[in-house]
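Participant: My file is target_34.csv. It has CSV, C-alpha atoms:
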```csv
chain,number,residue,atom,x,y,z
F,6,MET,CA,106.1,115.4,64.0
F,7,PRO,CA,104.5,117.0,67.1
F,8,THR,CA,106.9,118.3,69.7
F,9,PRO,CA,106.9,116.0,72.9
F,10,LEU,CA,105.7,117.5,76.1
F,11,PRO,CA,108.4,118.5,78.6
F,12,VAL,CA,109.2,115.8,81.2
F,13,GLU,CA,108.2,118.3,84.0
F,14,LEU,CA,104.7,118.7,82.5
F,15,LEU,CA,104.3,114.9,82.0
F,16,ASP,CA,105.3,114.5,85.7
F,17,ILE,CA,102.6,117.0,86.7
F,18,ILE,CA,99.9,115.3,84.6
F,19,ILE,CA,100.7,111.7,85.7
F,20,SER,CA,101.0,112.7,89.3
F,21,SER,CA,97.5,114.2,89.2
F,22,LEU,CA,96.0,110.8,88.4
F,23,ASP,CA,94.0,109.3,91.2
F,24,ASP,CA,93.3,105.8,89.8
F,25,LYS,CA,96.3,103.5,90.2
F,26,GLU,CA,95.1,101.5,87.1
F,27,ASP,CA,95.5,104.7,85.0
F,28,ILE,CA,99.0,105.1,86.4
F,29,LEU,CA,99.9,101.5,85.6
F,30,THR,CA,98.6,102.0,82.0
F,31,CYS,CA,100.8,105.1,81.6
F,32,ARG,CA,103.8,102.8,82.2
F,33,LEU,CA,103.0,101.0,78.9
F,34,THR,CA,103.1,104.2,76.8
F,35,SER,CA,106.9,104.8,76.5
F,36,SER,CA,110.1,104.6,78.5
F,37,ILE,CA,109.7,108.2,79.5
F,38,PHE,CA,106.2,107.6,80.8
F,39,ARG,CA,107.4,104.5,82.6
F,40,SER,CA,110.2,106.4,84.4
F,41,ILE,CA,107.6,108.9,85.7
F,42,ALA,CA,104.8,106.5,86.5
F,43,ASN,CA,106.9,103.7,88.2
F,44,PRO,CA,107.6,105.7,91.5
F,45,LEU,CA,103.9,106.6,91.7
F,46,ALA,CA,102.6,103.2,90.9
F,47,PHE,CA,104.8,101.3,93.3
F,48,ARG,CA,105.1,103.8,96.2
F,49,THR,CA,102.3,102.0,98.1
F,50,LEU,CA,101.8,98.2,98.1
F,51,THR,CA,98.5,96.9,99.4
F,52,ILE,CA,98.4,93.4,101.0
F,53,ARG,CA,95.1,91.7,101.0
F,54,VAL,CA,94.1,88.3,102.1
F,55,ASP,CA,94.1,86.6,98.7
F,56,GLU,CA,96.3,84.8,96.2
F,57,ARG,CA,96.3,87.7,93.7
F,58,SER,CA,98.0,90.0,96.2
F,59,LYS,CA,100.7,87.4,96.9
F,60,ILE,CA,101.5,86.9,93.2
F,61,ALA,CA,101.6,90.7,92.6
F,62,ILE,CA,104.1,91.3,95.4
F,63,ASP,CA,106.3,88.3,94.5
F,64,ASN,CA,106.4,89.7,90.9
F,65,LEU,CA,107.4,93.1,92.2
F,66,ILE,CA,110.2,91.7,94.3
F,67,ASP,CA,111.6,89.8,91.3
F,68,ALA,CA,111.4,92.8,88.9
F,69,PRO,CA,114.7,94.8,88.7
F,70,GLY,CA,114.5,98.2,90.2
F,71,LEU,CA,110.9,98.2,91.5
F,72,SER,CA,111.4,97.1,95.1
F,73,GLU,CA,113.5,100.2,95.9
F,74,LEU,CA,110.5,102.4,94.9
F,75,VAL,CA,108.2,101.1,97.7
F,76,ARG,CA,107.8,103.5,100.6
F,77,GLU,CA,104.6,102.2,102.2
F,78,ILE,CA,102.9,98.8,102.9
F,79,VAL,CA,99.2,98.7,103.7
F,80,TYR,CA,97.7,95.5,105.0
F,81,ARG,CA,93.9,95.2,105.0
F,82,GLN,CA,91.9,92.3,106.4
F,83,GLU,CA,88.2,92.1,106.1
F,84,ASP,CA,85.6,90.1,108.0
F,85,ASP,CA,84.7,88.0,105.0
F,86,ASP,CA,88.3,87.1,103.9
F,87,ASP,CA,89.1,83.5,103.2
F,88,ASP,CA,90.5,82.1,106.5
F,89,GLY,CA,92.7,79.7,104.5
F,90,MET,CA,94.6,82.6,102.9
F,91,ILE,CA,95.8,84.1,106.2
F,92,GLY,CA,99.1,82.4,106.1
F,93,VAL,CA,99.6,83.4,102.5
F,94,ALA,CA,98.9,87.0,103.3
F,95,ALA,CA,101.2,87.0,106.3
F,96,SER,CA,104.0,85.6,104.3
F,97,ASN,CA,104.1,88.8,102.3
F,98,PHE,CA,105.7,90.4,105.3
F,99,SER,CA,108.8,88.3,104.8
F,100,HIS,CA,109.7,90.6,101.9
F,101,LEU,CA,110.0,93.8,104.1
F,102,ALA,CA,113.8,93.4,104.2
F,103,GLU,CA,113.9,93.4,100.4
F,104,LEU,CA,112.3,96.9,100.3
F,105,PRO,CA,115.4,99.0,101.1
F,106,LEU,CA,113.6,102.4,101.3
F,107,LEU,CA,110.4,101.3,103.1
F,108,GLU,CA,109.3,104.0,105.5
F,109,THR,CA,105.7,103.2,106.6
F,110,VAL,CA,103.7,100.1,107.5
F,111,HIS,CA,99.9,100.2,108.1
F,112,MET,CA,98.0,97.2,109.4
F,113,HIS,CA,94.2,97.2,109.5
F,114,PHE,CA,92.6,94.3,111.2
F,115,PRO,CA,88.8,93.7,111.4
F,116,ILE,CA,86.9,95.7,114.0
F,117,ARG,CA,84.3,94.0,116.1
F,118,VAL,CA,81.4,96.3,117.0
F,119,LEU,CA,80.7,95.9,120.7
F,120,GLU,CA,76.9,96.2,120.1
F,121,ASP,CA,77.0,93.0,117.9
F,122,TRP,CA,75.0,90.2,119.5
F,123,PRO,CA,75.9,87.5,119.6
F,124,PRO,CA,79.5,88.7,119.5
F,125,ARG,CA,81.3,87.9,116.3
F,126,PRO,CA,84.3,85.5,116.9
F,127,MET,CA,87.7,87.2,116.3
F,128,THR,CA,89.7,84.0,115.8
F,129,THR,CA,90.6,85.0,112.2
F,130,SER,CA,92.0,88.3,113.3
F,131,LYS,CA,94.0,86.7,116.1
F,132,GLU,CA,95.3,84.1,113.7
F,133,ALA,CA,96.4,86.9,111.3
F,134,GLN,CA,98.1,88.9,114.0
F,135,THR,CA,100.0,85.9,115.2
F,136,ALA,CA,101.1,84.9,111.7
F,137,ILE,CA,102.2,88.4,110.8
F,138,PHE,CA,104.2,89.1,113.9
F,139,THR,CA,105.7,85.6,113.8
F,140,THR,CA,106.9,86.4,110.2
F,141,LEU,CA,108.2,89.8,111.3
F,142,ALA,CA,110.2,88.2,114.1
F,143,SER,CA,112.2,86.2,111.5
F,144,ASN,CA,112.3,88.8,108.8
F,145,PRO,CA,113.1,92.2,110.3
F,146,PRO,CA,112.3,95.3,108.2
F,147,PRO,CA,115.0,97.7,106.7
F,148,ILE,CA,116.4,100.3,109.0
F,149,SER,CA,114.6,102.9,106.8
F,150,LEU,CA,111.3,102.0,108.5
F,151,ARG,CA,110.0,105.0,110.5
F,152,ARG,CA,106.2,104.9,110.9
F,153,VAL,CA,104.0,102.0,111.9
F,154,GLU,CA,100.2,102.1,112.4
F,155,ILE,CA,98.4,99.1,113.8
F,156,HIS,CA,94.6,99.5,113.8
F,157,ALA,CA,92.2,97.2,115.7
F,158,LEU,CA,95.0,95.2,117.3
F,159,LEU,CA,93.4,92.6,119.7
F,160,SER,CA,93.9,93.8,123.2
F,161,GLU,CA,94.7,90.3,124.4
F,162,ALA,CA,98.0,88.9,125.6
F,163,ASP,CA,99.8,86.7,123.0
F,164,THR,CA,103.2,85.1,123.4
F,165,VAL,CA,104.1,86.1,119.8
F,166,PHE,CA,105.0,89.6,121.1
F,167,TYR,CA,107.8,88.0,123.2
F,168,LEU,CA,109.6,86.4,120.2
F,169,PRO,CA,113.3,87.6,120.4
F,170,GLY,CA,113.5,88.6,116.8
F,171,LEU,CA,110.5,91.0,117.0
F,172,SER,CA,112.6,93.6,118.8
F,173,ASP,CA,114.3,94.3,115.4
F,174,PHE,CA,110.9,95.3,114.0
F,175,TRP,CA,110.2,97.9,116.7
F,176,LYS,CA,113.7,99.3,116.9
F,177,PRO,CA,113.8,101.7,114.0
F,178,ILE,CA,110.3,103.1,114.5
F,179,VAL,CA,110.0,106.8,115.1
F,180,ASP,CA,106.2,107.2,114.9
F,181,LEU,CA,104.0,104.4,116.4
F,182,VAL,CA,100.2,104.3,116.4
F,183,ILE,CA,98.3,101.5,118.0
F,184,THR,CA,94.5,101.3,118.3
F,185,THR,CA,92.9,98.3,119.9
F,186,ASN,CA,89.9,96.0,119.4
F,187,SER,CA,88.8,94.7,122.8
F,188,HIS,CA,87.4,91.4,121.4
F,189,ASP,CA,85.6,89.6,124.1
F,190,ALA,CA,88.0,91.0,126.7
F,191,CYS,CA,86.1,94.2,127.1
F,192,GLU,CA,85.8,93.8,130.9
F,193,ILE,CA,88.7,95.8,132.3
F,194,ASN,CA,89.4,93.1,134.9
F,195,ASP,CA,89.9,90.4,132.2
F,196,GLU,CA,93.3,88.8,132.7
F,197,ALA,CA,94.3,88.6,129.0
F,198,PHE,CA,93.2,92.3,128.6
F,199,LEU,CA,95.2,93.4,131.6
F,200,GLU,CA,98.3,91.5,130.6
F,201,PHE,CA,98.2,93.1,127.1
F,202,TRP,CA,98.3,96.6,128.5
F,203,SER,CA,100.4,95.9,131.6
F,204,ALA,CA,103.1,93.7,130.1
F,205,VAL,CA,102.8,93.3,126.3
F,206,ILE,CA,102.7,97.0,125.4
F,207,PRO,CA,105.6,98.1,127.6
F,208,HIS,CA,107.6,95.1,126.5
F,209,CYS,CA,107.2,96.2,122.8
F,210,LEU,CA,107.9,99.8,123.7
F,211,GLN,CA,111.1,98.9,125.4
F,212,SER,CA,112.5,98.1,122.0
F,213,CYS,CA,111.4,101.4,120.4
F,214,SER,CA,114.7,103.2,121.1
F,215,SER,CA,114.1,105.8,118.4
F,216,LEU,CA,110.5,106.6,119.2
F,217,ALA,CA,109.5,110.3,118.9
F,218,SER,CA,105.7,110.0,118.5
F,219,LEU,CA,103.4,107.5,120.3
F,220,THR,CA,99.6,107.0,120.1
F,221,LEU,CA,97.9,104.4,122.2
F,222,ASP,CA,94.1,104.4,121.7
F,223,SER,CA,92.2,101.8,123.7
F,224,ASP,CA,88.6,101.2,122.5
F,225,VAL,CA,87.5,100.6,126.1
F,226,ILE,CA,88.5,102.1,129.5
F,227,CYS,CA,91.9,100.7,130.5
F,228,GLN,CA,93.7,100.4,133.9
F,229,GLY,CA,96.6,98.3,132.7
F,230,PRO,CA,99.3,101.0,132.5
F,231,ASN,CA,99.1,101.7,136.2
F,232,VAL,CA,101.3,98.8,137.1
F,233,VAL,CA,105.0,98.1,137.8
F,234,ASP,CA,105.8,97.0,134.2
F,235,TRP,CA,105.6,100.6,133.2
F,236,ASP,CA,107.8,101.9,136.0
F,237,ASP,CA,111.1,101.6,134.1
F,238,LEU,CA,109.8,102.5,130.7
F,239,THR,CA,111.3,105.6,129.2
F,240,CYS,CA,111.3,106.9,125.6
F,241,PRO,CA,114.3,109.3,125.6
F,242,ASN,CA,113.3,110.9,122.3
F,243,LEU,CA,109.6,111.2,122.8
F,244,ILE,CA,108.1,114.5,121.5
F,245,PHE,CA,104.4,113.6,121.1
F,246,LEU,CA,102.2,111.4,123.2
F,247,ARG,CA,98.5,110.6,122.8
F,248,LEU,CA,96.6,108.3,125.2
F,249,LYS,CA,92.9,107.4,125.0
F,250,ASN,CA,90.6,105.7,127.5
F,251,MET,CA,93.2,105.4,130.2
F,252,ILE,CA,92.7,105.4,134.0
F,253,PHE,CA,95.0,107.5,136.3
F,254,ASP,CA,95.2,106.5,139.9
F,255,ASP,CA,97.1,107.4,143.1
F,256,ASN,CA,100.2,105.4,142.2
F,257,LEU,CA,102.7,108.2,142.6
F,258,HIS,CA,105.6,105.8,142.5
F,259,GLY,CA,105.0,104.4,139.1
F,260,GLY,CA,102.4,103.7,136.5
F,261,LEU,CA,100.9,105.9,133.8
F,262,GLU,CA,101.5,109.3,135.3
F,263,ARG,CA,105.1,108.6,136.1
F,264,PHE,CA,105.6,107.3,132.6
F,265,ILE,CA,104.4,110.6,131.2
F,266,THR,CA,106.5,112.8,133.6
F,267,ARG,CA,109.6,110.8,132.9
F,268,GLN,CA,109.4,112.2,129.3
F,269,GLY,CA,109.7,115.8,130.6
F,270,ALA,CA,113.1,116.4,129.0
F,271,THR,CA,111.7,116.0,125.5
F,272,LEU,CA,107.9,116.0,125.5
F,273,THR,CA,106.3,119.0,123.7
F,274,ARG,CA,102.8,117.7,122.8
F,275,LEU,CA,100.5,115.7,125.1
F,276,GLU,CA,96.9,114.6,124.3
F,277,LEU,CA,94.7,112.8,126.8
F,278,LEU,CA,91.4,111.8,125.4
F,279,SER,CA,88.5,110.2,127.3
F,280,CYS,CA,90.8,109.6,130.3
F,281,GLN,CA,89.5,109.0,133.8
F,282,VAL,CA,90.9,109.6,137.3
F,283,ASP,CA,90.2,107.0,140.0
F,284,ILE,CA,88.5,108.9,142.8
F,285,VAL,CA,89.1,106.1,145.3
F,286,ALA,CA,92.3,106.1,147.4
F,287,ARG,CA,93.6,102.5,147.0
F,288,PHE,CA,97.0,101.2,148.1
F,289,TYR,CA,99.5,104.0,147.4
F,290,THR,CA,98.5,107.2,149.2
F,291,PRO,CA,96.0,108.2,151.9
F,292,PHE,CA,94.3,110.6,149.6
F,293,ALA,CA,92.7,110.0,146.2
F,294,THR,CA,94.1,111.7,143.2
F,295,ARG,CA,92.5,114.7,141.5
F,296,TRP,CA,93.1,116.0,138.0
F,297,ALA,CA,94.2,119.2,139.7
F,298,ASP,CA,97.0,117.3,141.5
F,299,ILE,CA,98.1,115.6,138.3
F,300,TRP,CA,98.2,118.8,136.3
F,301,ALA,CA,100.2,120.5,139.1
F,302,ARG,CA,102.8,117.7,138.7
F,303,PHE,CA,102.7,118.1,134.9
F,304,GLU,CA,103.5,121.8,135.5
F,305,GLN,CA,106.6,120.9,137.5
F,306,THR,CA,107.9,118.1,135.3
F,307,LEU,CA,106.8,118.7,131.7
F,308,THR,CA,108.7,122.0,131.4
F,309,HIS,CA,109.0,121.7,127.6
F,310,LEU,CA,105.3,121.2,126.9
F,311,GLU,CA,104.0,123.4,124.1
F,312,THR,CA,100.5,122.0,123.7
F,313,PHE,CA,98.3,120.0,126.1
F,314,THR,CA,94.9,118.7,125.1
F,315,PHE,CA,92.4,117.1,127.4
F,316,HIS,CA,89.0,116.1,126.1
F,317,PRO,CA,86.3,116.0,127.3
F,318,MET,CA,86.9,118.2,130.2
F,319,PRO,CA,86.2,116.9,133.7
F,320,GLY,CA,82.7,117.4,135.2
F,321,ARG,CA,79.2,117.6,133.7
F,322,PRO,CA,79.4,118.6,130.1
F,323,LYS,CA,77.3,121.3,128.4
F,324,ILE,CA,74.6,120.5,125.9
F,325,GLY,CA,76.3,120.4,122.5
F,326,ASP,CA,79.7,119.2,123.8
F,327,THR,CA,81.2,116.2,122.1
F,328,ASP,CA,83.4,113.4,123.3
F,329,ALA,CA,86.8,112.4,121.9
F,330,ASP,CA,85.2,110.6,119.0
F,331,GLY,CA,83.1,113.7,118.0
F,332,GLU,CA,79.9,112.1,119.4
F,333,ASP,CA,77.4,114.0,121.5
F,334,VAL,CA,78.0,113.6,125.2
F,335,ASP,CA,75.4,112.8,127.8
F,336,PRO,CA,74.8,116.0,129.8
F,337,HIS,CA,73.7,113.9,132.8
F,338,VAL,CA,77.1,112.0,133.1
F,339,PHE,CA,80.2,113.4,134.9
F,340,TYR,CA,83.2,112.9,132.6
F,341,GLY,CA,86.7,112.3,133.7
F,342,TYR,CA,86.0,110.3,136.9
F,343,ILE,CA,85.8,106.7,137.8
F,344,ALA,CA,85.6,104.8,141.1
F,345,TYR,CA,87.2,101.5,142.0
F,346,CYS,CA,84.7,99.1,143.5
F,347,GLY,CA,86.9,96.1,144.2
F,348,GLU,CA,87.7,92.9,142.3
F,349,GLY,CA,88.8,94.9,139.3
F,350,MET,CA,85.5,96.6,138.8
F,351,TYR,CA,84.8,100.3,138.4
F,352,LYS,CA,81.8,102.6,138.7
F,353,THR,CA,81.5,105.1,135.8
F,354,GLU,CA,78.1,106.7,136.5
F,355,PHE,CA,77.4,109.0,139.4
F,356,GLU,CA,74.1,110.6,140.5
F,357,GLU,CA,76.0,113.3,142.3
F,358,PRO,CA,79.2,115.1,141.3
F,359,PRO,CA,82.1,112.8,142.3
F,360,ARG,CA,84.5,115.7,142.3
F,361,ASP,CA,84.4,119.5,142.1
F,362,GLY,CA,84.8,119.7,138.4
F,363,GLU,CA,85.3,123.4,138.5
F,364,THR,CA,88.5,123.0,140.6
F,365,ASP,CA,89.9,120.6,138.0
F,366,ARG,CA,88.9,122.9,135.1
F,367,LEU,CA,90.6,125.9,136.8
F,368,ALA,CA,93.7,123.9,137.3
F,369,PHE,CA,93.7,123.0,133.6
F,370,GLU,CA,93.4,126.6,132.6
F,371,HIS,CA,96.3,127.5,135.0
F,372,LEU,CA,98.5,124.8,133.3
F,373,GLN,CA,97.6,126.3,129.9
F,374,ASP,CA,98.6,129.7,131.1
F,375,VAL,CA,101.9,128.4,132.3
F,376,ILE,CA,102.6,126.7,129.0
F,377,ARG,CA,101.8,129.9,127.1
F,378,ALA,CA,104.0,132.0,129.4
F,379,ARG,CA,106.9,129.6,129.0
F,380,GLN,CA,106.7,129.9,125.2
F,381,ASN,CA,106.8,133.7,125.5
F,382,LEU,CA,110.0,133.7,127.5
```
For the structure just supplied, provide its representation as structure tokens.

Facilitator:
Amino acid sequence: MPTPLPVELLDIIISSLDDKEDILTCRLTSSIFRSIANPLAFRTLTIRVDERSKIAIDNLIDAPGLSELVREIVYRQEDDDDDGMIGVAASNFSHLAELPLLETVHMHFPIRVLEDWPPRPMTTSKEAQTAIFTTLASNPPPISLRRVEIHALLSEADTVFYLPGLSDFWKPIVDLVITTNSHDACEINDEAFLEFWSAVIPHCLQSCSSLASLTLDSDVICQGPNVVDWDDLTCPNLIFLRLKNMIFDDNLHGGLERFITRQGATLTRLELLSCQVDIVARFYTPFATRWADIWARFEQTLTHLETFTFHPMPGRPKIGDTDADGEDVDPHVFYGYIAYCGEGMYKTEFEEPPRDGETDRLAFEHLQDVIRARQNL
């Protein structure tokens, strides 16, 4: 009779399998194989908009000992999914509380390409988001949940985010990533778009009492955070912050800049990607804000900062430079600046330099020198 392979070697072999079907097949070989394959096979559950996914998850919940193996949930919705199955797919989120060691939830909603014409309706995506968050409001996840990624979230106000029970979903999250889909609210003065950023997002973040890492990536330029709703928002444990496509203005008494500087006691990593500064003095100060001014205030307040990334740099780019998405930049466009034109509209293209980009770049280098010097103390 051949000598059985050591369990440690079997573990290495089965762990090297990439195909989940192969891992599931290993479970049928013997009790030893099953004990090794089960944690690998059921670590990640994928929720799709179909009946098969619903049946599989129901069966897992009913099987003794399997629900405690799940560490990650991945929800994927495609453009061509059956609209009639949205409610069925959303109901799977009612099982989160039955997964006692769940750590991560990923949600991937369909992405509408802005170049599509005529624009594709996003009613199915909105229906799915409303159904899922309604379910979560009544079925909070286990306290083991730590990371949540929501991709292509419609940047449109929805009353579902104000359901009282939803605060229990946000509460345990340590690492939160939100990327948005602007839907047909791609004009930055659209009321539903503005309310999403000015009220919905800070309302949700208020419940994230454990948050240490936050990524907010808007797919279009966004002025929403520069409003009073962000003035009292503080994340007392925040270490990492990434913001994309945000506008900074001269609101020195609140808004986005003050939200960042309020995190000075804990923030060590800051990334600002494709962000703009409003070069027009509006209601708050007699002088328009410059990046150099903002970075000077970062130097004074973000005293624990270890890394600061800003891309692309303000001013006219060089040939071969790339934007925050890795795409080639237009060498004839001045990056990092935007001008308020009234009635919620902004100018983004300038024939002449709107600011002395060199001054802002020198201020950026000075801040980097200060950060390095502090680390050497």

Participant: Can you tell me how far CA of Thr353 in chain F sits from CA of Val338 in chain F, in Å to one decimal?

Facilitator: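 Calculated distance between CA of Thr353 in chain F and CA of Val338 in chain F is 8.6 Å.
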
Participant: I'd like the contact shell of range 148-154 of chain F - 10 Å cut-off, all atoms listed in the file, skipping same-chain residues fewer than 6 positions apart - returned as number ranges by chain.

Facilitator: F: 76-79, 101-102, 104-113, 173-184, 215-218, 220

Participant: Can you list, as a count of residues only, every protein, DNA or RNA residue that comes within 12 Å of Pro322 in chain F when you count all atoms listed in the file, leaving out same-chain residues fewer than 2 positions away?

Facilitator: 23

Participant: What is the CA of Met251 in chain F to CA of Leu275 in chain F distance in Å?

Facilitator: 13.6 Å

Participant: Rank F:Gln228, F:Thr129, F:Thr364, F:Asn250 by their smallest atom-to-atom distance to Thr185 in chain F, using all atoms listed in the file, and report the top residue only.

Facilitator: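 That would be F:Asn250, the residue with the smallest distance to Thr185 in chain F.
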
Participant: From the set F:Ile244, F:Ala95, F:Val165, F:Ile299, which residue has the shortest atom-to-atom contact distance to Glu56 in chain F, counting all atoms listed in the file?

Facilitator: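 Closest to Glu56 in chain F, using all atoms listed in the file: F:Ala95.
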
Participant: With all atoms listed in the file as the basis for distance, which of F:Ala301, F:Ile343, F:Leu243, F:Ala270 is at the shortest distance from Leu367 in chain F?

Facilitator: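 Closest to Leu367 in chain F, using all atoms listed in the file: F:Ala301.
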
Participant: Counting only C-alpha atoms, which residue out of F:Phe315, F:Phe245, F:Phe114, F:Tyr342 sits closest to Val282 in chain F?

Facilitator: F:Tyr342

Participant: Rounded to one decimal place, report the CA of Asp222 in chain F-CA of Val75 in chain F distance in Å.

Facilitator: 28.0 Å

Participant: Env of Ser172 in chain F: 9 Å cut, atoms = only C-alpha atoms, seq-sep filter 2 positions within chain, self excluded. Answer as a ChimeraX atom specification.

Facilitator: /F:142,145,166-170,174-176,209,211-213

Participant: How would the residues just picked look written out with C-alpha atoms as a PDB file, in the frame of the given file?

Facilitator:
```
ATOM      1  CA  ALA F 142     110.200  88.200 114.100  1.00  0.00           C
ATOM      2  CA  PRO F 145     113.100  92.200 110.300  1.00  0.00           C
ATOM      3  CA  PHE F 166     105.000  89.600 121.100  1.00  0.00           C
ATOM      4  CA  TYR F 167     107.800  88.000 123.200  1.00  0.00           C
ATOM      5  CA  LEU F 168     109.600  86.400 120.200  1.00  0.00           C
ATOM      6  CA  PRO F 169     113.300  87.600 120.400  1.00  0.00           C
ATOM      7  CA  GLY F 170     113.500  88.600 116.800  1.00  0.00           C
ATOM      8  CA  PHE F 174     110.900  95.300 114.000  1.00  0.00           C
ATOM      9  CA  TRP F 175     110.200  97.900 116.700  1.00  0.00           C
ATOM     10  CA  LYS F 176     113.700  99.300 116.900  1.00  0.00           C
ATOM     11  CA  CYS F 209     107.200  96.200 122.800  1.00  0.00           C
ATOM     12  CA  GLN F 211     111.100  98.900 125.400  1.00  0.00           C
ATOM     13  CA  SER F 212     112.500  98.100 122.000  1.00  0.00           C
ATOM     14  CA  CYS F 213     111.400 101.400 120.400  1.00  0.00           C
TER      15      CYS F 213
END
```

Participant: Under the rule that only C-alpha atoms are counted, which of F:Ala133, F:Cys280, F:Ala204, F:Leu219 is the nearest residue to Ala157 in chain F?

Facilitator: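 Of F:Ala133, F:Cys280, F:Ala204, F:Leu219, the one nearest Ala157 in chain F, counting only C-alpha atoms, is F:Ala133.
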
Participant: Could you check which of F:Ile206, F:Cys346, F:Ile66, F:Ala136 is closest to Leu238 in chain F, using all atoms listed in the file?

Facilitator: F:Ile206

Participant: Just want the 8 Å neighbourhood of Thr271 in chain F, counted on only C-alpha atoms, with same-chain residues fewer than 2 positions away dropped. Output as a list in words.

Facilitator: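 Answer for this query is Pro241, Asn242, Leu243, Ile244, Gln268, Gly269, Thr273 and His309 of chain F.
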
Participant: Env of Arg53 in chain F: 10 Å cut, atoms = only C-alpha atoms, seq-sep filter 3 positions within chain, self excluded. Answer as an mmCIF file with C-alpha atoms, in the coordinates of the input.

Facilitator:
```cif
data_model
loop_
_atom_site.group_PDB
_atom_site.id
_atom_site.type_symbol
_atom_site.label_atom_id
_atom_site.label_comp_id
_atom_site.auth_asym_id
_atom_site.auth_seq_id
_atom_site.Cartn_x
_atom_site.Cartn_y
_atom_site.Cartn_z
ATOM 1 C CA LEU F 50 101.800 98.200 98.100
ATOM 2 C CA GLU F 56 96.300 84.800 96.200
ATOM 3 C CA ARG F 57 96.300 87.700 93.700
ATOM 4 C CA SER F 58 98.000 90.000 96.200
ATOM 5 C CA LYS F 59 100.700 87.400 96.900
ATOM 6 C CA VAL F 79 99.200 98.700 103.700
ATOM 7 C CA TYR F 80 97.700 95.500 105.000
ATOM 8 C CA ARG F 81 93.900 95.200 105.000
ATOM 9 C CA GLN F 82 91.900 92.300 106.400
ATOM 10 C CA GLU F 83 88.200 92.100 106.100
ATOM 11 C CA ASP F 86 88.300 87.100 103.900
ATOM 12 C CA MET F 90 94.600 82.600 102.900
ATOM 13 C CA ILE F 91 95.800 84.100 106.200
ATOM 14 C CA VAL F 93 99.600 83.400 102.500
ATOM 15 C CA ALA F 94 98.900 87.000 103.300
ATOM 16 C CA ALA F 95 101.200 87.000 106.300
ATOM 17 C CA ASN F 97 104.100 88.800 102.300
#
```
